[in-house]
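> Structure file start.txt (compact mmCIF, C-alpha atoms and all ligand atoms) right here:
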# COMPACT_ATOMS: atom_id res chain seq x y z
CA MET A 1201 1.99 -0.18 44.36
CA THR A 1202 4.06 -1.09 41.35
CA ALA A 1203 7.35 -2.91 41.64
CA THR A 1204 10.51 -0.82 41.49
CA ILE A 1205 11.54 -0.15 37.93
CA ASP A 1206 15.15 -0.68 36.90
CA TYR A 1207 15.60 2.39 34.71
CA GLN A 1208 19.27 1.63 34.29
CA ALA A 1209 18.43 -1.70 32.64
CA ILE A 1210 15.82 -0.04 30.43
CA GLU A 1211 18.36 2.53 29.27
CA THR A 1212 20.92 -0.17 28.48
CA TYR A 1213 18.31 -2.08 26.44
CA ALA A 1214 17.32 1.08 24.55
CA LEU A 1215 20.94 1.95 23.73
CA ALA A 1216 21.41 -1.55 22.32
CA GLU A 1217 18.34 -1.08 20.09
CA VAL A 1218 19.80 2.19 18.79
CA ALA A 1219 23.13 0.49 18.15
CA LYS A 1220 21.44 -2.16 15.99
CA HIS A 1221 20.17 0.54 13.64
CA ALA A 1222 23.34 2.62 13.64
CA PRO A 1223 24.91 1.15 10.47
CA GLU A 1224 21.88 1.88 8.25
CA LEU A 1225 21.30 5.34 9.79
CA GLU A 1226 24.95 6.26 9.36
CA ALA A 1227 24.87 5.02 5.76
CA ALA A 1228 21.90 7.29 4.98
CA ALA A 1229 23.60 10.26 6.65
CA LEU A 1230 26.74 9.61 4.64
CA VAL A 1231 24.93 9.40 1.29
CA ASN A 1232 22.89 12.50 2.04
CA THR A 1233 25.93 14.48 3.21
CA GLU A 1234 27.62 13.53 -0.02
CA LYS A 1235 24.63 14.82 -2.00
CA VAL A 1236 24.82 18.12 -0.12
CA ILE A 1237 28.55 18.75 -0.45
CA THR A 1238 28.53 17.64 -4.08
CA ALA A 1239 25.75 20.14 -4.84
CA PHE A 1240 27.59 22.89 -2.92
CA ARG A 1241 30.76 22.19 -4.92
CA ASN A 1242 28.96 21.97 -8.26
CA LYS A 1243 27.22 25.29 -7.63
CA MET A 1244 30.46 26.88 -6.42
CA VAL A 1245 29.06 28.17 -3.14
CA SER A 1246 31.12 31.18 -2.12
CA ASP A 1247 31.33 33.30 0.99
CA TYR A 1248 29.35 36.16 -0.55
CA TYR A 1249 26.41 33.84 -1.28
CA LEU A 1250 25.83 33.72 2.45
CA LYS A 1251 25.20 37.45 2.80
CA PRO A 1252 21.83 39.16 3.21
CA THR A 1253 20.00 41.15 0.56
CA THR A 1254 17.44 43.93 0.95
CA GLY A 1255 14.48 45.54 -0.77
CA TYR A 1256 13.12 43.70 -3.79
CA GLY A 1257 15.86 41.12 -3.56
CA TYR A 1258 16.65 41.17 -7.29
CA SER A 1259 19.65 39.05 -8.28
CA ASP A 1260 19.96 37.49 -4.86
CA VAL A 1261 22.63 35.03 -5.91
CA GLY A 1262 22.62 33.20 -2.57
CA ARG A 1263 18.88 32.62 -2.79
CA ASP A 1264 18.92 31.62 -6.46
CA THR A 1265 21.85 29.24 -5.96
CA LEU A 1266 20.18 27.60 -2.97
CA ASP A 1267 17.20 26.87 -5.25
CA LEU A 1268 19.58 25.14 -7.68
CA ILE A 1269 21.19 23.19 -4.85
CA TYR A 1270 17.83 21.92 -3.60
CA ALA A 1271 16.91 20.97 -7.16
CA GLU A 1272 20.15 19.02 -7.50
CA ILE A 1273 19.72 17.22 -4.17
CA PHE A 1274 16.08 16.33 -4.90
CA LYS A 1275 16.81 15.58 -8.57
CA THR A 1276 14.14 18.00 -9.79
CA GLU A 1277 14.01 20.66 -12.48
CA ALA A 1278 13.37 23.49 -10.05
CA ALA A 1279 13.09 24.55 -6.43
CA LEU A 1280 11.79 27.44 -4.38
CA VAL A 1281 13.47 27.76 -0.97
CA ARG A 1282 12.27 30.82 0.86
CA SER A 1283 12.17 32.50 4.24
CA GLN A 1284 8.91 34.07 3.03
CA PHE A 1285 7.16 30.76 3.57
CA VAL A 1286 5.84 31.20 7.11
CA SER A 1287 5.67 27.45 7.72
CA GLY A 1288 5.54 24.05 6.08
CA THR A 1289 1.78 24.39 5.80
CA HIS A 1290 2.26 27.63 3.85
CA ALA A 1291 4.68 26.03 1.37
CA LEU A 1292 2.33 23.05 0.97
CA ALA A 1293 -0.63 25.41 0.47
CA VAL A 1294 1.22 27.51 -2.13
CA ALA A 1295 2.09 24.36 -4.09
CA LEU A 1296 -1.61 23.37 -4.14
CA LEU A 1297 -3.13 26.82 -4.70
CA GLY A 1298 -0.66 27.68 -7.44
CA ASN A 1299 -1.46 24.58 -9.46
CA LEU A 1300 -5.17 23.93 -9.00
CA ARG A 1301 -7.95 25.86 -10.70
CA PRO A 1302 -11.74 25.92 -10.14
CA GLY A 1303 -13.24 22.72 -11.50
CA ASP A 1304 -10.08 20.67 -10.97
CA GLU A 1305 -10.17 17.48 -8.95
CA LEU A 1306 -7.74 16.65 -6.14
CA ILE A 1307 -7.67 13.21 -4.54
CA GLY A 1308 -6.05 12.41 -1.21
CA LEU A 1309 -4.51 8.94 -1.57
CA THR A 1310 -3.17 8.51 1.97
CA GLY A 1311 -6.38 9.08 3.90
CA THR A 1312 -7.16 12.14 5.98
CA PRO A 1313 -4.35 14.67 5.65
CA TYR A 1314 -2.47 16.39 8.48
CA ASP A 1315 -4.67 18.70 10.58
CA THR A 1316 -3.51 22.02 9.09
CA MET A 1317 -3.84 20.63 5.56
CA GLN A 1318 -7.52 19.93 6.18
CA SER A 1319 -8.05 23.69 6.53
CA ILE A 1320 -6.15 24.31 3.27
CA ILE A 1321 -8.20 21.74 1.40
CA GLY A 1322 -11.47 22.71 3.13
CA TYR A 1323 -12.43 19.16 3.96
CA PRO A 1324 -14.25 17.83 5.94
CA VAL A 1325 -15.11 21.44 6.93
CA LYS A 1326 -15.27 24.00 4.11
CA THR A 1327 -13.00 26.77 5.40
CA LYS A 1328 -12.77 30.25 3.86
CA GLY A 1329 -10.28 30.55 1.02
CA SER A 1330 -9.72 26.79 0.93
CA LEU A 1331 -9.49 24.70 -2.23
CA VAL A 1332 -13.09 23.53 -1.84
CA ASP A 1333 -14.20 27.13 -1.27
CA LEU A 1334 -12.51 28.05 -4.58
CA GLY A 1335 -14.46 25.37 -6.46
CA ILE A 1336 -11.91 22.57 -6.49
CA THR A 1337 -13.35 19.09 -5.95
CA TYR A 1338 -11.76 16.95 -3.27
CA LYS A 1339 -12.06 13.22 -2.65
CA GLU A 1340 -10.20 10.98 -0.26
CA LEU A 1341 -9.13 7.34 -0.34
CA PRO A 1342 -8.82 5.97 3.20
CA MET A 1343 -5.63 4.02 3.95
CA SER A 1344 -6.12 0.29 3.88
CA GLY A 1345 -4.53 -0.60 7.19
CA GLU A 1346 -0.89 0.41 7.10
CA HIS A 1347 -0.74 0.69 3.34
CA VAL A 1348 -2.44 2.22 0.33
CA ASP A 1349 -4.61 -0.12 -1.72
CA LEU A 1350 -3.10 0.23 -5.20
CA GLU A 1351 -6.13 -1.29 -6.94
CA ALA A 1352 -8.33 1.26 -5.17
CA VAL A 1353 -5.98 4.02 -6.41
CA LYS A 1354 -6.49 2.83 -10.00
CA GLY A 1355 -10.25 2.81 -9.35
CA ILE A 1356 -10.55 6.31 -7.90
CA VAL A 1357 -8.11 8.25 -10.15
CA THR A 1358 -9.69 9.13 -13.50
CA LYS A 1359 -8.92 11.22 -16.56
CA ASN A 1360 -10.59 14.10 -14.72
CA THR A 1361 -8.20 13.97 -11.78
CA LYS A 1362 -5.77 16.87 -11.88
CA MET A 1363 -3.66 16.05 -8.85
CA VAL A 1364 -3.17 13.37 -6.23
CA HIS A 1365 -2.06 14.22 -2.70
CA ILE A 1366 0.28 11.84 -0.88
CA GLN A 1367 1.42 12.44 2.67
CA ARG A 1368 4.62 10.64 3.60
CA SER A 1369 4.52 11.05 7.37
CA CYS A 1370 1.74 9.86 9.67
CA GLY A 1371 1.55 13.34 11.21
CA TYR A 1372 -0.79 13.31 14.22
CA SER A 1373 -2.79 10.39 12.95
CA SER A 1374 -3.01 7.39 15.20
CA LEU A 1375 -4.72 5.57 12.35
CA ARG A 1376 -1.87 5.28 9.91
CA LYS A 1377 1.80 4.67 9.51
CA THR A 1378 4.45 6.65 7.72
CA ILE A 1379 5.07 5.22 4.30
CA SER A 1380 8.38 4.47 2.65
CA VAL A 1381 9.73 6.21 -0.43
CA GLU A 1382 9.42 2.90 -2.25
CA GLU A 1383 5.71 2.68 -1.42
CA ILE A 1384 5.20 6.30 -2.51
CA GLY A 1385 6.69 5.22 -5.85
CA ARG A 1386 4.17 2.39 -6.18
CA ILE A 1387 1.24 4.70 -5.31
CA ILE A 1388 2.35 7.24 -7.91
CA ALA A 1389 2.81 4.52 -10.53
CA ALA A 1390 -0.74 3.26 -9.87
CA ALA A 1391 -2.17 6.79 -10.11
CA LYS A 1392 -0.31 7.44 -13.36
CA GLU A 1393 -1.49 4.15 -14.79
CA ALA A 1394 -5.04 5.47 -14.35
CA ASN A 1395 -4.12 8.94 -15.66
CA PRO A 1396 -0.63 9.57 -17.05
CA ASP A 1397 -1.15 13.35 -16.79
CA VAL A 1398 -2.04 13.40 -13.12
CA ILE A 1399 0.24 15.58 -10.98
CA ALA A 1400 1.74 13.65 -8.06
CA TYR A 1401 2.00 15.97 -5.06
CA VAL A 1402 3.87 14.83 -1.94
CA ASP A 1403 3.81 16.33 1.54
CA ASN A 1404 7.38 15.46 2.50
CA CYS A 1405 7.34 16.90 6.03
CA TYR A 1406 9.56 15.00 8.48
CA GLY A 1407 10.77 12.62 5.79
CA GLU A 1408 13.74 14.46 4.32
CA PHE A 1409 17.12 12.70 4.51
CA ILE A 1410 15.76 9.69 6.41
CA GLU A 1411 16.31 7.39 3.45
CA GLN A 1412 18.86 7.49 0.67
CA LYS A 1413 16.18 8.48 -1.85
CA GLU A 1414 13.45 11.11 -1.83
CA PRO A 1415 9.92 10.88 -3.30
CA THR A 1416 10.95 13.06 -6.26
CA GLU A 1417 13.18 10.15 -7.37
CA VAL A 1418 10.19 7.84 -7.59
CA GLY A 1419 7.79 10.00 -9.57
CA ALA A 1420 6.65 12.89 -7.36
CA ASP A 1421 6.05 15.94 -9.60
CA ILE A 1422 5.90 18.49 -6.82
CA MET A 1423 6.82 18.22 -3.17
CA ALA A 1424 7.00 20.63 -0.25
CA GLY A 1425 7.96 20.87 3.38
CA SER A 1426 9.20 22.97 6.26
CA LEU A 1427 12.67 24.34 7.00
CA ILE A 1428 12.17 24.25 10.75
CA LYS A 1429 11.98 20.49 10.41
CA ASN A 1430 14.60 18.21 8.84
CA LEU A 1431 16.16 20.33 6.11
CA GLY A 1432 16.88 23.38 8.25
CA GLY A 1433 19.26 21.27 10.31
CA GLY A 1434 18.23 23.19 13.41
CA LEU A 1435 19.73 26.43 12.10
CA ALA A 1436 17.07 27.73 9.69
CA PRO A 1437 15.06 30.31 11.67
CA THR A 1438 11.92 29.99 9.49
CA GLY A 1439 10.94 29.03 5.95
CA GLY A 1440 9.78 26.31 3.64
CA TYR A 1441 10.62 24.73 0.32
CA ILE A 1442 8.99 23.45 -2.82
CA VAL A 1443 10.80 21.23 -5.33
CA GLY A 1444 9.55 19.69 -8.55
CA ARG A 1445 8.82 20.12 -12.21
CA ALA A 1446 9.78 23.59 -13.48
CA ASP A 1447 6.25 24.56 -14.64
CA LEU A 1448 4.68 23.48 -11.35
CA VAL A 1449 7.26 25.28 -9.20
CA GLU A 1450 6.81 28.39 -11.36
CA ASN A 1451 3.03 28.29 -10.84
CA ALA A 1452 3.62 28.01 -7.12
CA SER A 1453 6.03 30.97 -7.18
CA TYR A 1454 3.26 33.19 -8.58
CA ARG A 1455 1.16 32.26 -5.58
CA LEU A 1456 3.95 32.93 -3.11
CA THR A 1457 4.62 36.44 -4.44
CA ALA A 1458 2.50 37.65 -7.39
CA PRO A 1459 1.87 36.71 -11.03
CA GLY A 1460 4.82 38.01 -13.03
CA LEU A 1461 7.09 38.33 -10.00
CA GLY A 1462 7.42 34.70 -8.98
CA GLY A 1463 10.68 33.54 -7.46
CA GLU A 1464 12.78 36.39 -8.74
CA MET A 1465 12.00 38.67 -5.85
CA GLY A 1466 12.19 38.41 -2.08
CA ALA A 1467 15.10 39.62 0.01
CA THR A 1468 16.97 37.27 2.32
CA LEU A 1469 17.33 39.19 5.55
CA GLY A 1470 19.78 39.05 8.43
CA ASP A 1471 21.75 35.87 8.74
CA THR A 1472 19.10 33.68 7.09
CA GLN A 1473 21.12 32.93 3.98
CA ARG A 1474 23.99 31.43 5.95
CA GLU A 1475 21.59 29.59 8.25
CA PHE A 1476 19.83 28.00 5.27
CA TYR A 1477 23.10 26.83 3.76
CA GLN A 1478 24.74 25.73 6.97
CA GLY A 1479 21.50 24.14 8.18
CA LEU A 1480 21.24 22.12 4.97
CA PHE A 1481 24.86 21.08 5.41
CA LEU A 1482 24.13 19.84 8.94
CA ALA A 1483 20.72 18.32 8.14
CA PRO A 1484 21.78 14.75 7.23
CA HIS A 1485 23.62 14.38 10.55
CA VAL A 1486 20.95 16.13 12.61
CA VAL A 1487 18.23 13.93 11.08
CA GLN A 1488 20.28 10.89 12.03
CA GLN A 1489 20.53 12.14 15.63
CA ALA A 1490 16.77 12.66 15.69
CA VAL A 1491 16.08 9.15 14.37
CA LYS A 1492 18.40 7.65 16.99
CA THR A 1493 16.51 9.60 19.66
CA ALA A 1494 13.18 8.31 18.29
CA ILE A 1495 14.36 4.69 18.39
CA PHE A 1496 15.65 5.22 21.93
CA ALA A 1497 12.27 6.64 23.00
CA ALA A 1498 10.42 3.74 21.38
CA ALA A 1499 12.55 1.18 23.20
CA VAL A 1500 12.26 2.89 26.61
CA PHE A 1501 8.49 3.33 26.50
CA GLN A 1502 7.91 -0.12 25.08
CA LYS A 1503 9.76 -1.52 28.09
CA LEU A 1504 7.47 0.54 30.32
CA GLY A 1505 4.50 -1.27 28.78
CA TYR A 1506 3.19 1.33 26.32
CA GLU A 1507 2.19 0.80 22.73
CA VAL A 1508 4.74 2.59 20.57
CA LYS A 1509 4.70 3.32 16.86
CA PRO A 1510 6.99 2.59 15.08
CA LEU A 1511 8.44 -0.27 17.14
CA PRO A 1512 12.13 0.07 18.04
CA GLN A 1513 12.96 -2.70 15.56
CA GLU A 1514 11.02 -1.26 12.60
CA ALA A 1515 12.50 0.59 9.64
CA ARG A 1516 12.02 4.37 9.93
CA HIS A 1517 10.59 6.66 7.29
CA ASP A 1518 10.34 9.87 9.32
CA ILE A 1519 11.57 11.29 12.64
CA ILE A 1520 8.27 10.92 14.52
CA GLN A 1521 7.74 8.56 17.41
CA ALA A 1522 4.20 8.02 18.67
CA ILE A 1523 3.61 6.70 22.17
CA LYS A 1524 0.12 5.79 23.30
CA LEU A 1525 0.01 7.17 26.82
CA GLU A 1526 -3.70 6.53 27.38
CA SER A 1527 -4.30 9.32 29.87
CA ARG A 1528 -4.34 13.07 29.79
CA LYS A 1529 -2.13 13.21 32.86
CA ARG A 1530 0.59 11.02 31.31
CA LEU A 1531 0.47 13.06 28.10
CA CYS A 1532 0.97 16.26 30.10
CA ASP A 1533 3.64 14.67 32.32
CA PHE A 1534 5.60 13.55 29.27
CA CYS A 1535 5.57 17.05 27.81
CA ILE A 1536 6.47 18.62 31.16
CA ALA A 1537 9.53 16.35 31.46
CA ILE A 1538 10.70 17.10 27.91
CA GLN A 1539 10.20 20.82 28.46
CA SER A 1540 12.13 20.86 31.72
CA ASN A 1541 15.01 19.11 29.96
CA SER A 1542 15.14 21.62 27.11
CA PRO A 1543 17.77 24.31 26.61
CA VAL A 1544 15.24 27.17 26.40
CA ASP A 1545 12.26 27.83 28.70
CA ALA A 1546 13.06 24.81 30.85
CA HIS A 1547 11.34 26.54 33.76
CA VAL A 1548 8.00 26.77 31.94
CA GLU A 1549 5.24 24.20 32.40
CA PRO A 1550 3.30 23.29 29.24
CA VAL A 1551 -0.52 23.24 29.45
CA PRO A 1552 -3.05 22.15 26.79
CA ALA A 1553 -4.36 25.01 24.60
CA PRO A 1554 -6.03 25.60 21.24
CA LEU A 1555 -3.69 26.14 18.26
CA PRO A 1556 -4.63 27.73 14.92
CA GLY A 1557 -5.37 25.08 12.30
CA TYR A 1558 -5.83 22.24 14.76
CA GLN A 1559 -9.16 20.74 15.85
CA ASP A 1560 -8.38 19.71 19.45
CA ASP A 1561 -6.44 21.37 22.23
CA ILE A 1562 -2.74 20.60 21.88
CA VAL A 1563 -0.19 20.18 24.63
CA MET A 1564 3.37 20.65 23.54
CA ALA A 1565 6.90 20.78 24.82
CA ALA A 1566 9.02 23.05 22.70
CA GLY A 1567 11.97 24.42 24.60
CA THR A 1568 13.62 25.24 21.30
CA PHE A 1569 15.99 27.91 20.02
CA VAL A 1570 13.73 28.40 16.99
CA GLN A 1571 10.09 28.79 18.02
CA GLY A 1572 8.17 25.59 17.32
CA ALA A 1573 11.06 23.94 15.47
CA SER A 1574 10.31 20.26 15.53
CA ILE A 1575 13.74 19.15 14.34
CA GLU A 1576 14.70 20.29 17.82
CA LEU A 1577 13.64 18.02 20.66
CA SER A 1578 9.89 18.48 20.98
CA ALA A 1579 6.76 16.63 21.88
CA ASP A 1580 3.14 17.31 21.25
CA GLY A 1581 -0.16 15.63 21.28
CA PRO A 1582 -3.81 16.44 20.75
CA CYS A 1583 -5.86 16.14 23.94
CA ARG A 1584 -8.07 13.34 22.71
CA GLU A 1585 -8.24 9.57 23.11
CA PRO A 1586 -5.96 7.63 23.14
CA TYR A 1587 -3.67 10.43 24.30
CA ASN A 1588 -0.87 9.74 21.87
CA VAL A 1589 2.22 11.81 22.29
CA PHE A 1590 4.14 12.55 19.11
CA PHE A 1591 7.75 12.98 19.91
CA GLN A 1592 10.30 14.19 17.44
CA GLY A 1593 13.63 15.84 16.88
CA GLY A 1594 16.76 16.18 18.89
CA LEU A 1595 19.76 18.09 17.56
CA THR A 1596 22.02 15.75 19.48
CA PHE A 1597 21.38 12.19 20.59
CA GLU A 1598 22.92 12.94 23.99
CA HIS A 1599 20.24 15.54 24.66
CA GLY A 1600 17.50 13.21 23.41
CA ARG A 1601 18.70 10.40 25.64
CA LEU A 1602 18.72 12.57 28.78
CA ALA A 1603 15.27 14.02 28.11
CA ILE A 1604 13.67 10.66 27.31
CA MET A 1605 15.01 9.07 30.47
CA ALA A 1606 13.61 12.01 32.47
CA ALA A 1607 10.23 11.58 30.74
CA ALA A 1608 10.27 7.84 31.43
CA LYS A 1609 10.83 8.43 35.13
CA ARG A 1610 8.12 11.07 35.35
CA VAL A 1611 5.48 9.13 33.40
CA GLY A 1612 6.32 5.73 34.89
CA PRO A 1613 5.17 2.31 33.77
CA LYS A 1614 1.74 1.65 32.29
CA ALA A 1615 0.76 -1.07 34.76
C1 LIG A 1701 4.61 19.45 10.08
C2 LIG A 1701 3.74 18.97 8.99
C3 LIG A 1701 3.11 19.85 8.11
C4 LIG A 1701 3.28 21.34 8.18
O1 LIG A 1701 3.32 21.83 9.45
P1 LIG A 1701 3.94 23.26 9.78
O2 LIG A 1701 3.91 23.26 11.26
O3 LIG A 1701 3.04 24.26 9.17
O4 LIG A 1701 5.30 23.33 9.21
C5 LIG A 1701 2.34 19.32 7.13
N1 LIG A 1701 2.19 18.00 6.98
C6 LIG A 1701 2.79 17.12 7.80
C7 LIG A 1701 2.60 15.66 7.58
C8 LIG A 1701 3.59 17.58 8.82
O5 LIG A 1701 4.20 16.70 9.62
Show me this structure written as structure tokens.
Ligand SMILES: *Cc1c(COP(=O)(O)O)cnc(C)c1O

Amino acid sequence: MTATIDYQAIETYALAEVAKHAPELEAAALVNTEKVITAFRNKMVSDYYLKPTTGYGYSDVGRDTLDLIYAEIFKTEAALVRSQFVSGTHALAVALLGNLRPGDELIGLTGTPYDTMQSIIGYPVKTKGSLVDLGITYKELPMSGEHVDLEAVKGIVTKNTKMVHIQRSCGYSSLRKTISVEEIGRIIAAAKEANPDVIAYVDNCYGEFIEQKEPTEVGADIMAGSLIKNLGGGLAPTGGYIVGRADLVENASYRLTAPGLGGEMGATLGDTQREFYQGLFLAPHVVQQAVKTAIFAAAVFQKLGYEVKPLPQEARHDIIQAIKLESRKRLCDFCIAIQSNSPVDAHVEPVPAPLPGYQDDIVMAAGTFVQGASIELSADGPCREPYNVFFQGGLTFEHGRLAIMAAAKRVGPKA
């Protein structure tokens, strides 16, 4: 039998770890809130911008203004923020498919991309309709430990390379770390040294509003992500975004709708317009709550003897916390505890199951108001060694704290 665990002491320790990071997290939230309200003011957001449109959605001023607001916040020429993106993967796919042509070369510079992106690229398995299936060449540079080898970048990128793919967040990979905006800047600079015309593409999922700068401020030409993660602030019911150079965003818009139509069509239904605006307004604060929850989780599970990534003391570049639980039972127990401490479907018990786009069975806790929204408190993990759970989100730190303590008690110490 294991000795009795003093959960009260663990909680106190974890709260102190969160408090150490509070000044920098609050500074980022303040800067990002200022960016948002400044953009809202500059674009003269009015009550009628928040109303729905129907049919073709011509002259949807709320939609078109939100594009301009995203462009201002991300310091880009253009943006495409749409409820018609079914997910982050869809927005990321549209940005790739709209800008690559048969014969072009794409190089992944941050190792193996996120599971669903592998299906879009068609590598290592050539999937139907993927980039590889369309005749685009794909190569990959493995990460060199926690970082990207800049000399290797200069070696692999050539005059024939059309685009480089950079993924900010570690996603479900136990092999890599999330990289900072600063490092993304260095990777892009190395790629552009080898080929000044190369398009720098960034998968920004889970990274928005964590730092005071975004990858588009350090050279990213096109970037995309999900609205049911950071930028939706918990309110966006669906959707994705693309920001970047005007010509690249335009090319993507022809993929989202049709050549000639682009971003000028697409109605904003129901209450979505208001939810996009209000969600963006809340996002800097909500992201901060999620990061505090992640640090809290790291500290609690580290005390219980588990390997955690990032460590509670480390600087954060996304909202994800990985915990190496090392058994299928602990992975399931963790998700069960999170689920039963969620506002929706708390009575439901999660079980591992296959998920479209993913290679292994996935077990997930997602007792969320918006289905699958991972800015809301959620946990998931592929059922494979070493049974890492990826925990993210939390609209309020109070909720995150309660759920993590419940998970700690259910999973117990490693020893
Ligand atoms: C979440 C995520 C995506 C897209 O996932 P969706 O569930 O389709 O929104 C892509 N890349 C990374 C790194 C992600 O974390």
> Output the neighbourhood of ligand LIG 1701 (chain A) as a ChimeraX atom specification, that is, all protein and nucleic acid residues with some atom at most 10 Å from the ligand, counting only C-alpha atoms and all ligand atoms.
/A:1285-1293,1313-1318,1366-1373,1378,1402-1407,1424-1429,1438-1440,1518-1520,1557,1572-1574
> Within 9 Å of Asp1397 in chain A, counting only C-alpha atoms, which residues show up once you throw out same-chain ones fewer than 2 positions away? Write them as a list of chain:residue names, please.
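The contact residues come out as A:Lys1359, A:Thr1361, A:Lys1362, A:Met1363, A:Lys1392, A:Asn1395, A:Ile1399.
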> Provide the CA of Ala1400 in chain A to CA of Gly1419 in chain A distance in Å, to one decimal place.
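Those two atoms sit 7.2 Å apart.
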> Listing only residues of range 1363-1455 of chain A within 12 Å of range 1214-1237 of chain A, what is the closest atom pair and its distance in Å (to one decimal) for each, using all atoms listed in the file, sorted by chain and residue number ascending, as JSON lines?

{"residue": "A:Glu1408", "atom": "CA", "partner": "A:Asn1232", "partner_atom": "CA", "distance": 9.6}
{"residue": "A:Phe1409", "atom": "CA", "partner": "A:Asn1232", "partner_atom": "CA", "distance": 6.3}
{"residue": "A:Ile1410", "atom": "CA", "partner": "A:Ala1228", "partner_atom": "CA", "distance": 6.7}
{"residue": "A:Glu1411", "atom": "CA", "partner": "A:Ala1228", "partner_atom": "CA", "distance": 5.8}
{"residue": "A:Gln1412", "atom": "CA", "partner": "A:Ala1228", "partner_atom": "CA", "distance": 5.3}
{"residue": "A:Lys1413", "atom": "CA", "partner": "A:Asn1232", "partner_atom": "CA", "distance": 8.7}
{"residue": "A:Glu1414", "atom": "CA", "partner": "A:Asn1232", "partner_atom": "CA", "distance": 10.3}
{"residue": "A:Leu1431", "atom": "CA", "partner": "A:Val1236", "partner_atom": "CA", "distance": 10.9}
{"residue": "A:Gly1433", "atom": "CA", "partner": "A:Thr1233", "partner_atom": "CA", "distance": 11.9}
> Go through A:Gly1311, A:Asp1349, A:Gly1444, A:Val1294 and flag the residue nearest Leu1331 in chain A, using only C-alpha atoms for the distances.
A:Val1294
> With all atoms listed in the file as the counted atoms, please give the residues lying no more than 10 Å from Thr1568 in chain A, apart from itself and same-chain residues fewer than 6 positions off, as a JSON list (two decimals) with C-alpha atoms, in the frame of the given file.

[["chain", "number", "residue", "atom", "x", "y", "z"],
["A", 1434, "GLY", "CA", 18.23, 23.19, 13.41],
["A", 1539, "GLN", "CA", 10.20, 20.82, 28.46],
["A", 1542, "SER", "CA", 15.14, 21.62, 27.11],
["A", 1543, "PRO", "CA", 17.77, 24.31, 26.61],
["A", 1544, "VAL", "CA", 15.24, 27.17, 26.40],
["A", 1545, "ASP", "CA", 12.26, 27.83, 28.70],
["A", 1546, "ALA", "CA", 13.06, 24.81, 30.85],
["A", 1574, "SER", "CA", 10.31, 20.26, 15.53],
["A", 1575, "ILE", "CA", 13.74, 19.15, 14.34],
["A", 1576, "GLU", "CA", 14.70, 20.29, 17.82],
["A", 1577, "LEU", "CA", 13.64, 18.02, 20.66],
["A", 1578, "SER", "CA", 9.89, 18.48, 20.98],
["A", 1594, "GLY", "CA", 16.76, 16.18, 18.89]]
> If I take CA of Met1465 in chain A and CA of Val1443 in chain A, how far is one from the other in Å, to one decimal?
17.5 Å
> Env of range 1493-1507 of chain A: 9 Å cut, atoms = only C-alpha atoms, seq-sep filter 4 positions within chain, self excluded. Answer as a PyMOL selection string.
chain A and resi 1205+1207+1210-1211+1213-1218+1221+1488-1489+1511-1514+1516+1519-1526+1577+1591-1594+1596-1601+1604-1605+1608+1612-1615
> Have a look at CA of Ala1391 in chain A and CA of Ile1321 in chain A and let me know their distance in Å, one decimal.
19.8 Å
> Neighbours of range 1241-1249 of chain A within 10 Å (all atoms listed in the file; same-chain residues fewer than 5 positions away dropped), as a list in words?
Val1236, Asp1260, Val1261, Gly1262, Arg1263, Asp1264, Thr1265, Leu1266, Leu1268, Ile1269, Glu1272, Gln1473, Arg1474 and Tyr1477 of chain A
